[in-house]
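The structure appears right after this line, and notes come after that.
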Amino acid sequence: MFSQQIKLDIVFEEQLFFVSDSEPAVDNIQARGWLTTSSLSWFHAGLRQTLAFDDVVGVRPTDKQYPQGLVGFILCAYPAPRTVPQRRQLREYEFVCATEQMRSQWINVIRQALQSDPIQPQQAVKPRHLKVLVNPKGGRRQAKQVFQSTQAILEDAHCQVSILETQGGDRTIQAVRDFDLSTIDGFIVVGGDGTVFELINGLMTHADAEVAIAKPIGIIPAGTGNGLGKTILDLSQETYDPSNAAFIIAKGQYQPINLGVVKQDGKQYYSILSLAWALISDIDIKSNKLRFLKFLGSLRSDVYAFLSILALRSYQGRISFLPAPDWQPSPDAPQQTPLSEPQPAEIENSPSSDWQVLEGEFIALWVMNVAWATHSVLAAPHARLADGYMDVLIIRKGITRWRLLTAFLKIATGEHILIPEMEYYKVRCLHLEPLSSEGLLAVDGEQINYRSVEMNVLANHAQVFCR
């Protein structure tokens, strides 16, 4: 029946019958199933069938009535269609067993295999408890509907959710500080990057911050920008869609991610996306205040960017940073080997000669922690989730409006960094001293005081659901 290798890989074997639409009657209850850590196999119509677990999120019992007192369960898979849009959709595989005990064993071992846990047929798997932050005012105010459309994927994955509708700003941060972490296995943000910012800052200032920030965070994009959500989907090789984002969370795998810590006037802000100054912060902050453009959604920023380029202005400032060693500043130069992660002691003890200082008039400064600034803006193509560095883009005064507009038109593919006026650095820390009397500063799209600011990397400090 099976090759010797498959026999060695089998971790559970028991009676199992596959129920198909064309063959609903159960007339061969002696059929068997075989489980490996990565697939389920069975015989149907005389042929061995194997379902790899790549697209499978979970298994659940069914109350459906079968002949001979048999009991059934449903294996839930969400394969990606080959047609556009590539939105994962449910496909169910129906099986029956002779007894309740046998069904429980199959459900237990399948859930254990999906979570890479030891296979123990008699041991039930506890559900994951996920705290969901829904921003009802984010984007086009459809976050509730977005979550309702994806909630079944999480439930199929044996997740239990509790929902908090955020109120924005400090109220959301305080609500996160008050979470009882003992009842939470992870977090989901249904909103945009602003809600992620509030969650991160609440977790990092929680009474048990070390435990809080170690719990994985999932993003279901429902805001205006959704840069982190797009970055995760891109790394997971998924198209940009809320169902695909929920699928990533349902699979349960996660990766470390850098955080940025922004210090200003004795205060600290924690960033997972970006620090912006000059043209970028003008677009970020001012476009959100134009209520008559709200109907444009994410296009609002594009329209305001075009208007800002037409009325281009420069800002006086001083930018100091500690560049990554051995990083090739040429934007199109391939990075041959991974950069070594910077250590705090190395940064503190770095001689002044290691620092690079730029002073003059600038058009824009963009400090990125992830690759995508929004779902359509690939701002920092070289950014990595957990390399311990920030990616910095600088444009100085002297670029023409036409060249700047060309850069913005290329930003969806990351080709803007090929323009000679676009300076690209990887840095360990950065100081910005705005010398112009007026301007804006933004952390993750949230406005902060317009004064000197310092930004450092907290390497691998948080976790995000990502395949």
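By order in the structure tokens, chains are A, B, ...; within a chain, residues start at 1; ligands start at 1, following the order shown.
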Report as a PDB file with C-alpha atoms, in the first residue's frame all protein, DNA and RNA residues lying within 9 Å of region 246-254 of chain A, evaluated on only C-alpha atoms, omitting residues in the same chain fewer than 2 positions from it.
```
ATOM      1  CA  ASP A  54      -0.416  23.319   3.781  1.00  0.00           C
ATOM      2  CA  ASP A  55      -3.932  24.700   3.250  1.00  0.00           C
ATOM      3  CA  VAL A  56      -5.640  22.991   6.213  1.00  0.00           C
ATOM      4  CA  VAL A  57      -6.473  25.163   9.217  1.00  0.00           C
ATOM      5  CA  GLY A  58      -8.447  22.792  11.443  1.00  0.00           C
ATOM      6  CA  TYR A  78      -8.625  27.021   2.478  1.00  0.00           C
ATOM      7  CA  ARG A  88      -8.723  31.672  -0.082  1.00  0.00           C
ATOM      8  CA  LEU A 114      -1.340  21.123  12.575  1.00  0.00           C
ATOM      9  CA  GLN A 115       0.285  22.752  15.610  1.00  0.00           C
ATOM     10  CA  PHE A 147     -13.991  40.698  10.680  1.00  0.00           C
ATOM     11  CA  THR A 150     -13.223  36.236   8.190  1.00  0.00           C
ATOM     12  CA  GLN A 151     -14.250  35.015  11.642  1.00  0.00           C
ATOM     13  CA  ILE A 153     -11.674  30.894   9.257  1.00  0.00           C
ATOM     14  CA  LEU A 154     -10.448  31.450  12.813  1.00  0.00           C
ATOM     15  CA  GLU A 155     -13.234  29.338  14.310  1.00  0.00           C
ATOM     16  CA  ASP A 156     -12.382  26.490  11.915  1.00  0.00           C
ATOM     17  CA  ALA A 157      -8.820  26.723  13.270  1.00  0.00           C
ATOM     18  CA  HIS A 158     -10.004  26.038  16.831  1.00  0.00           C
ATOM     19  CA  CYS A 159      -9.640  29.677  17.917  1.00  0.00           C
ATOM     20  CA  ILE A 188      -5.525  40.426  16.138  1.00  0.00           C
ATOM     21  CA  PRO A 216       1.987  37.043  18.595  1.00  0.00           C
ATOM     22  CA  ILE A 217       0.075  39.748  16.747  1.00  0.00           C
ATOM     23  CA  GLY A 218      -2.008  39.177  13.639  1.00  0.00           C
ATOM     24  CA  ILE A 219      -3.227  41.807  11.201  1.00  0.00           C
ATOM     25  CA  ILE A 220      -6.475  41.704   9.217  1.00  0.00           C
ATOM     26  CA  ILE A 232       3.130  40.167   6.297  1.00  0.00           C
ATOM     27  CA  LEU A 233       0.970  39.053   3.372  1.00  0.00           C
ATOM     28  CA  SER A 236       3.783  34.889   3.312  1.00  0.00           C
ATOM     29  CA  GLU A 238      -0.334  35.760  -0.154  1.00  0.00           C
ATOM     30  CA  ASP A 241      -7.020  40.257   1.046  1.00  0.00           C
ATOM     31  CA  PRO A 242      -8.568  40.026   4.556  1.00  0.00           C
ATOM     32  CA  SER A 243      -9.408  36.322   4.098  1.00  0.00           C
ATOM     33  CA  ASN A 244      -5.800  35.530   3.266  1.00  0.00           C
ATOM     34  CA  PRO A 256      10.022  37.910  15.267  1.00  0.00           C
ATOM     35  CA  GLN A 463       6.102  38.554  17.233  1.00  0.00           C
ATOM     36  CA  VAL A 464       3.729  38.672  14.248  1.00  0.00           C
ATOM     37  CA  PHE A 465       1.705  35.881  12.653  1.00  0.00           C
ATOM     38  CA  CYS A 466       3.555  35.245   9.400  1.00  0.00           C
ATOM     39  CA  ARG A 467       4.270  32.107   7.347  1.00  0.00           C
TER      40      ARG A 467
END
```
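As for CA of Val367 (chain A) and CA of Val303 (chain A), they are spaced 22.2 Å apart.
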**Request:** Using DSSP on the backbone coordinates, identify the residues of region 227-425 of chain A assigned to helix (DSSP H, G or I); present them as JSON, numbers by chain.
**Result:** {"A": [227, 228, 229, 230, 231, 232, 233, 234, 235, 242, 243, 244, 245, 246, 247, 248, 249, 250, 251, 279, 280, 281, 282, 283, 284, 285, 286, 287, 288, 289, 291, 292, 293, 294, 295, 296, 299, 300, 301, 302, 303, 304, 305, 306, 307, 308, 309, 310, 344, 345, 346, 347, 348, 352, 353, 354, 401, 402, 403, 404, 405, 406, 407, 408, 409, 410, 415, 416, 417, 418]}
**Request:** Using only C-alpha atoms, pick whichever of A:Glu433, A:Ile283, A:Ser274, A:Ser149 has the shortest atom-to-atom distance to Ala383 (chain A).
**Result:**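 The closest residue to Ala383 (chain A) is A:Ser274.
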**Prompt:** Out of A:Asn201, A:Ser38, A:Gln316, A:Ser308, which residue has the shortest atom-to-atom distance to Gly169 (chain A) when counting only C-alpha atoms?
**Reply:**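 Closest candidate: A:Asn201.
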**Residue neighbourhood His375 (chain A), 6 Å, only C-alpha atoms, exclusion window fewer than 5 positions, as a list in words** =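 The contact residues come out as Asn226, Gly227 and Lys230 of chain A.
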**Request:** Pick out the closest residue to Lys137 (chain A) from this set: A:Gly414, A:Gly225, A:Gly202, A:Gly168. Count only C-alpha atoms.
**Result:**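 When distances to Lys137 (chain A) are compared using only C-alpha atoms, the smallest one comes from A:Gly168.
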Which of region 107-283 of chain A end up as strand (DSSP E or B) when DSSP is run on this backbone - answer as a PDB file with N, CA, C and O atoms, in the first residue's frame?
```
ATOM      1  N   ARG A 128      -7.034  28.163  21.005  1.00  0.00           N
ATOM      2  CA  ARG A 128      -6.258  29.399  21.169  1.00  0.00           C
ATOM      3  C   ARG A 128      -7.228  30.548  21.449  1.00  0.00           C
ATOM      4  O   ARG A 128      -8.244  30.697  20.755  1.00  0.00           O
ATOM      5  N   HIS A 129      -6.906  31.364  22.429  1.00  0.00           N
ATOM      6  CA  HIS A 129      -7.742  32.512  22.783  1.00  0.00           C
ATOM      7  C   HIS A 129      -7.096  33.767  22.207  1.00  0.00           C
ATOM      8  O   HIS A 129      -5.998  34.157  22.612  1.00  0.00           O
ATOM      9  N   LEU A 130      -7.763  34.396  21.272  1.00  0.00           N
ATOM     10  CA  LEU A 130      -7.234  35.570  20.588  1.00  0.00           C
ATOM     11  C   LEU A 130      -8.066  36.798  20.917  1.00  0.00           C
ATOM     12  O   LEU A 130      -9.294  36.768  20.821  1.00  0.00           O
ATOM     13  N   LYS A 131      -7.384  37.849  21.325  1.00  0.00           N
ATOM     14  CA  LYS A 131      -8.047  39.126  21.603  1.00  0.00           C
ATOM     15  C   LYS A 131      -8.057  39.943  20.323  1.00  0.00           C
ATOM     16  O   LYS A 131      -7.000  40.225  19.734  1.00  0.00           O
ATOM     17  N   VAL A 132      -9.244  40.333  19.881  1.00  0.00           N
ATOM     18  CA  VAL A 132      -9.401  41.026  18.597  1.00  0.00           C
ATOM     19  C   VAL A 132      -9.718  42.494  18.850  1.00  0.00           C
ATOM     20  O   VAL A 132     -10.706  42.815  19.516  1.00  0.00           O
ATOM     21  N   LEU A 133      -8.853  43.375  18.325  1.00  0.00           N
ATOM     22  CA  LEU A 133      -9.090  44.811  18.411  1.00  0.00           C
ATOM     23  C   LEU A 133      -9.674  45.277  17.077  1.00  0.00           C
ATOM     24  O   LEU A 133      -8.997  45.232  16.044  1.00  0.00           O
ATOM     25  N   VAL A 134     -10.924  45.694  17.108  1.00  0.00           N
ATOM     26  CA  VAL A 134     -11.612  46.150  15.901  1.00  0.00           C
ATOM     27  C   VAL A 134     -11.748  47.669  15.968  1.00  0.00           C
ATOM     28  O   VAL A 134     -12.313  48.199  16.927  1.00  0.00           O
ATOM     29  N   CYS A 159      -9.944  28.450  17.193  1.00  0.00           N
ATOM     30  CA  CYS A 159      -9.640  29.677  17.917  1.00  0.00           C
ATOM     31  C   CYS A 159     -10.915  30.226  18.554  1.00  0.00           C
ATOM     32  O   CYS A 159     -11.984  30.180  17.950  1.00  0.00           O
ATOM     33  N   GLN A 160     -10.783  30.719  19.749  1.00  0.00           N
ATOM     34  CA  GLN A 160     -11.860  31.443  20.412  1.00  0.00           C
ATOM     35  C   GLN A 160     -11.476  32.913  20.472  1.00  0.00           C
ATOM     36  O   GLN A 160     -10.341  33.246  20.837  1.00  0.00           O
ATOM     37  N   VAL A 161     -12.396  33.781  20.098  1.00  0.00           N
ATOM     38  CA  VAL A 161     -12.070  35.197  20.026  1.00  0.00           C
ATOM     39  C   VAL A 161     -12.934  35.998  20.980  1.00  0.00           C
ATOM     40  O   VAL A 161     -14.082  35.651  21.259  1.00  0.00           O
ATOM     41  N   SER A 162     -12.346  37.056  21.521  1.00  0.00           N
ATOM     42  CA  SER A 162     -13.090  38.077  22.255  1.00  0.00           C
ATOM     43  C   SER A 162     -12.757  39.417  21.616  1.00  0.00           C
ATOM     44  O   SER A 162     -11.605  39.666  21.247  1.00  0.00           O
ATOM     45  N   ILE A 163     -13.754  40.264  21.466  1.00  0.00           N
ATOM     46  CA  ILE A 163     -13.622  41.467  20.650  1.00  0.00           C
ATOM     47  C   ILE A 163     -13.636  42.722  21.512  1.00  0.00           C
ATOM     48  O   ILE A 163     -14.458  42.859  22.426  1.00  0.00           O
ATOM     49  N   LEU A 164     -12.705  43.615  21.214  1.00  0.00           N
ATOM     50  CA  LEU A 164     -12.689  44.945  21.806  1.00  0.00           C
ATOM     51  C   LEU A 164     -12.824  45.963  20.672  1.00  0.00           C
ATOM     52  O   LEU A 164     -11.987  46.002  19.770  1.00  0.00           O
ATOM     53  N   GLU A 165     -13.883  46.759  20.707  1.00  0.00           N
ATOM     54  CA  GLU A 165     -14.008  47.856  19.757  1.00  0.00           C
ATOM     55  C   GLU A 165     -13.205  49.039  20.289  1.00  0.00           C
ATOM     56  O   GLU A 165     -13.483  49.559  21.369  1.00  0.00           O
ATOM     57  N   GLY A 186      -2.853  35.462  21.954  1.00  0.00           N
ATOM     58  CA  GLY A 186      -2.379  36.305  20.864  1.00  0.00           C
ATOM     59  C   GLY A 186      -3.377  37.405  20.593  1.00  0.00           C
ATOM     60  O   GLY A 186      -4.470  37.447  21.178  1.00  0.00           O
ATOM     61  N   PHE A 187      -2.986  38.314  19.699  1.00  0.00           N
ATOM     62  CA  PHE A 187      -3.819  39.478  19.392  1.00  0.00           C
ATOM     63  C   PHE A 187      -4.071  39.550  17.890  1.00  0.00           C
ATOM     64  O   PHE A 187      -3.254  39.106  17.082  1.00  0.00           O
ATOM     65  N   ILE A 188      -5.212  40.131  17.537  1.00  0.00           N
ATOM     66  CA  ILE A 188      -5.525  40.426  16.138  1.00  0.00           C
ATOM     67  C   ILE A 188      -5.976  41.873  16.061  1.00  0.00           C
ATOM     68  O   ILE A 188      -6.809  42.317  16.852  1.00  0.00           O
ATOM     69  N   VAL A 189      -5.416  42.607  15.119  1.00  0.00           N
ATOM     70  CA  VAL A 189      -5.867  43.960  14.836  1.00  0.00           C
ATOM     71  C   VAL A 189      -6.668  43.939  13.539  1.00  0.00           C
ATOM     72  O   VAL A 189      -6.159  43.515  12.493  1.00  0.00           O
ATOM     73  N   VAL A 190      -7.921  44.372  13.620  1.00  0.00           N
ATOM     74  CA  VAL A 190      -8.754  44.554  12.436  1.00  0.00           C
ATOM     75  C   VAL A 190      -8.897  46.060  12.254  1.00  0.00           C
ATOM     76  O   VAL A 190      -9.757  46.703  12.854  1.00  0.00           O
ATOM     77  N   GLY A 191      -8.025  46.608  11.458  1.00  0.00           N
ATOM     78  CA  GLY A 191      -7.959  48.051  11.290  1.00  0.00           C
ATOM     79  C   GLY A 191      -6.723  48.391  10.501  1.00  0.00           C
ATOM     80  O   GLY A 191      -6.262  47.590   9.676  1.00  0.00           O
ATOM     81  N   ILE A 217       1.060  38.772  17.221  1.00  0.00           N
ATOM     82  CA  ILE A 217       0.075  39.748  16.747  1.00  0.00           C
ATOM     83  C   ILE A 217      -0.266  39.436  15.297  1.00  0.00           C
ATOM     84  O   ILE A 217       0.629  39.242  14.468  1.00  0.00           O
ATOM     85  N   GLY A 218      -1.553  39.382  15.009  1.00  0.00           N
ATOM     86  CA  GLY A 218      -2.008  39.177  13.639  1.00  0.00           C
ATOM     87  C   GLY A 218      -2.702  40.423  13.120  1.00  0.00           C
ATOM     88  O   GLY A 218      -3.288  41.191  13.900  1.00  0.00           O
ATOM     89  N   ILE A 219      -2.623  40.631  11.818  1.00  0.00           N
ATOM     90  CA  ILE A 219      -3.227  41.807  11.201  1.00  0.00           C
ATOM     91  C   ILE A 219      -4.236  41.366  10.140  1.00  0.00           C
ATOM     92  O   ILE A 219      -3.894  40.623   9.223  1.00  0.00           O
ATOM     93  N   ILE A 220      -5.474  41.837  10.282  1.00  0.00           N
ATOM     94  CA  ILE A 220      -6.475  41.704   9.217  1.00  0.00           C
ATOM     95  C   ILE A 220      -6.726  43.113   8.716  1.00  0.00           C
ATOM     96  O   ILE A 220      -7.356  43.922   9.399  1.00  0.00           O
ATOM     97  N   PRO A 221      -6.209  43.468   7.538  1.00  0.00           N
ATOM     98  CA  PRO A 221      -6.233  44.862   7.102  1.00  0.00           C
ATOM     99  C   PRO A 221      -7.646  45.379   6.874  1.00  0.00           C
ATOM    100  O   PRO A 221      -8.438  44.789   6.147  1.00  0.00           O
ATOM    101  N   ASN A 226      -2.391  50.202   6.128  1.00  0.00           N
ATOM    102  CA  ASN A 226      -2.171  48.756   6.253  1.00  0.00           C
ATOM    103  C   ASN A 226      -0.788  48.312   5.765  1.00  0.00           C
ATOM    104  O   ASN A 226      -0.642  47.274   5.115  1.00  0.00           O
ATOM    105  N   TYR A 254       4.410  32.113  13.494  1.00  0.00           N
ATOM    106  CA  TYR A 254       4.772  33.516  13.691  1.00  0.00           C
ATOM    107  C   TYR A 254       6.280  33.697  13.639  1.00  0.00           C
ATOM    108  O   TYR A 254       7.057  32.746  13.774  1.00  0.00           O
ATOM    109  N   GLN A 255       6.679  34.953  13.402  1.00  0.00           N
ATOM    110  CA  GLN A 255       8.087  35.311  13.258  1.00  0.00           C
ATOM    111  C   GLN A 255       8.388  36.538  14.113  1.00  0.00           C
ATOM    112  O   GLN A 255       7.507  37.359  14.375  1.00  0.00           O
ATOM    113  N   PRO A 256       9.662  36.703  14.518  1.00  0.00           N
ATOM    114  CA  PRO A 256      10.022  37.910  15.267  1.00  0.00           C
ATOM    115  C   PRO A 256      10.056  39.130  14.360  1.00  0.00           C
ATOM    116  O   PRO A 256      10.255  39.025  13.144  1.00  0.00           O
ATOM    117  N   ILE A 257       9.876  40.292  14.950  1.00  0.00           N
ATOM    118  CA  ILE A 257       9.922  41.550  14.210  1.00  0.00           C
ATOM    119  C   ILE A 257      10.597  42.608  15.077  1.00  0.00           C
ATOM    120  O   ILE A 257      10.457  42.607  16.309  1.00  0.00           O
ATOM    121  N   ASN A 258      11.356  43.495  14.431  1.00  0.00           N
ATOM    122  CA  ASN A 258      11.958  44.616  15.140  1.00  0.00           C
ATOM    123  C   ASN A 258      10.876  45.593  15.593  1.00  0.00           C
ATOM    124  O   ASN A 258       9.835  45.722  14.949  1.00  0.00           O
ATOM    125  N   LEU A 259      11.165  46.294  16.662  1.00  0.00           N
ATOM    126  CA  LEU A 259      10.402  47.477  17.038  1.00  0.00           C
ATOM    127  C   LEU A 259      11.344  48.666  17.037  1.00  0.00           C
ATOM    128  O   LEU A 259      12.552  48.519  17.224  1.00  0.00           O
ATOM    129  N   GLY A 260      10.795  49.846  16.819  1.00  0.00           N
ATOM    130  CA  GLY A 260      11.557  51.070  16.988  1.00  0.00           C
ATOM    131  C   GLY A 260      11.107  51.753  18.266  1.00  0.00           C
ATOM    132  O   GLY A 260       9.918  51.752  18.589  1.00  0.00           O
ATOM    133  N   VAL A 261      12.053  52.306  19.001  1.00  0.00           N
ATOM    134  CA  VAL A 261      11.702  53.094  20.171  1.00  0.00           C
ATOM    135  C   VAL A 261      12.095  54.540  19.875  1.00  0.00           C
ATOM    136  O   VAL A 261      13.244  54.839  19.559  1.00  0.00           O
ATOM    137  N   VAL A 262      11.116  55.425  19.935  1.00  0.00           N
ATOM    138  CA  VAL A 262      11.287  56.835  19.616  1.00  0.00           C
ATOM    139  C   VAL A 262      11.285  57.623  20.925  1.00  0.00           C
ATOM    140  O   VAL A 262      10.329  57.538  21.698  1.00  0.00           O
ATOM    141  N   LYS A 263      12.357  58.383  21.146  1.00  0.00           N
ATOM    142  CA  LYS A 263      12.497  59.146  22.388  1.00  0.00           C
ATOM    143  C   LYS A 263      12.470  60.634  22.067  1.00  0.00           C
ATOM    144  O   LYS A 263      13.165  61.105  21.170  1.00  0.00           O
ATOM    145  N   GLN A 264      11.658  61.338  22.850  1.00  0.00           N
ATOM    146  CA  GLN A 264      11.522  62.780  22.646  1.00  0.00           C
ATOM    147  C   GLN A 264      11.024  63.422  23.930  1.00  0.00           C
ATOM    148  O   GLN A 264       9.988  63.011  24.470  1.00  0.00           O
ATOM    149  N   LYS A 267       9.758  61.384  26.771  1.00  0.00           N
ATOM    150  CA  LYS A 267       8.705  60.423  26.443  1.00  0.00           C
ATOM    151  C   LYS A 267       9.240  59.358  25.493  1.00  0.00           C
ATOM    152  O   LYS A 267      10.207  59.590  24.772  1.00  0.00           O
ATOM    153  N   GLN A 268       8.588  58.202  25.499  1.00  0.00           N
ATOM    154  CA  GLN A 268       8.935  57.128  24.579  1.00  0.00           C
ATOM    155  C   GLN A 268       7.700  56.673  23.816  1.00  0.00           C
ATOM    156  O   GLN A 268       6.625  56.512  24.395  1.00  0.00           O
ATOM    157  N   TYR A 269       7.869  56.484  22.522  1.00  0.00           N
ATOM    158  CA  TYR A 269       6.836  55.902  21.669  1.00  0.00           C
ATOM    159  C   TYR A 269       7.434  54.657  21.033  1.00  0.00           C
ATOM    160  O   TYR A 269       8.617  54.628  20.692  1.00  0.00           O
ATOM    161  N   TYR A 270       6.618  53.650  20.869  1.00  0.00           N
ATOM    162  CA  TYR A 270       7.090  52.412  20.260  1.00  0.00           C
ATOM    163  C   TYR A 270       6.486  52.293  18.863  1.00  0.00           C
ATOM    164  O   TYR A 270       5.280  52.442  18.677  1.00  0.00           O
ATOM    165  N   SER A 271       7.354  52.049  17.902  1.00  0.00           N
ATOM    166  CA  SER A 271       6.952  52.066  16.498  1.00  0.00           C
ATOM    167  C   SER A 271       7.153  50.684  15.880  1.00  0.00           C
ATOM    168  O   SER A 271       8.158  50.018  16.127  1.00  0.00           O
ATOM    169  N   SER A 274       7.052  53.234  11.093  1.00  0.00           N
ATOM    170  CA  SER A 274       7.886  54.272  10.497  1.00  0.00           C
ATOM    171  C   SER A 274       7.982  55.515  11.369  1.00  0.00           C
ATOM    172  O   SER A 274       7.171  55.754  12.269  1.00  0.00           O
ATOM    173  N   LEU A 275       9.008  56.320  11.049  1.00  0.00           N
ATOM    174  CA  LEU A 275       9.133  57.699  11.504  1.00  0.00           C
ATOM    175  C   LEU A 275       9.219  58.554  10.243  1.00  0.00           C
ATOM    176  O   LEU A 275       9.995  58.237   9.333  1.00  0.00           O
ATOM    177  N   ALA A 276       8.433  59.630  10.172  1.00  0.00           N
ATOM    178  CA  ALA A 276       8.384  60.439   8.953  1.00  0.00           C
ATOM    179  C   ALA A 276       8.532  61.909   9.289  1.00  0.00           C
ATOM    180  O   ALA A 276       8.032  62.395  10.314  1.00  0.00           O
ATOM    181  N   TRP A 277       9.234  62.617   8.382  1.00  0.00           N
ATOM    182  CA  TRP A 277       9.450  64.054   8.531  1.00  0.00           C
ATOM    183  C   TRP A 277       9.375  64.716   7.151  1.00  0.00           C
ATOM    184  O   TRP A 277       9.630  64.079   6.139  1.00  0.00           O
ATOM    185  N   ALA A 278       9.039  65.998   7.153  1.00  0.00           N
ATOM    186  CA  ALA A 278       9.003  66.824   5.948  1.00  0.00           C
ATOM    187  C   ALA A 278       7.890  66.365   5.005  1.00  0.00           C
ATOM    188  O   ALA A 278       6.752  66.185   5.446  1.00  0.00           O
TER     189      ALA A 278
END
```
**Asked** Within 6 Å of region 398-411 of chain A, counting only C-alpha atoms, which residues qualify if same-chain residues fewer than 5 places away don't, as a list in words?
**Response** Val377, Leu378 and His416 of chain A
**Asked** CA of Pro136 (chain A) to CA of Ala175 (chain A): how many Å, to one decimal?
**Response**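 Computing the Euclidean distance for CA of Pro136 (chain A) and CA of Ala175 (chain A) yields 15.7 Å.
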**Request:** Select, from A:Tyr389, A:Arg177, A:Ser376, A:Leu235, the residue with the minimum atom-to-atom distance to Ala209 (chain A), counting only C-alpha atoms.
**Result:**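 Closest residue, counting only C-alpha atoms: A:Arg177.
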**Message:** What's around region 94-111 of chain A at 7 Å? Count only C-alpha atoms, leave out sequence neighbours fewer than 2 positions away in its own chain, and write the answer as a list in words.
**Reply:**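 Counting only the stated atoms, we get Gln15, Leu16, Phe17, Phe18, Val19, Gly58, Val59, Leu70, Val71, Gly72, Phe73, Ile74, Leu75, Glu92, Ala113, Leu114, Gln115, Ile119, Gln120, Pro121, Gln122, Gln123, Ala124 and Val125 of chain A.
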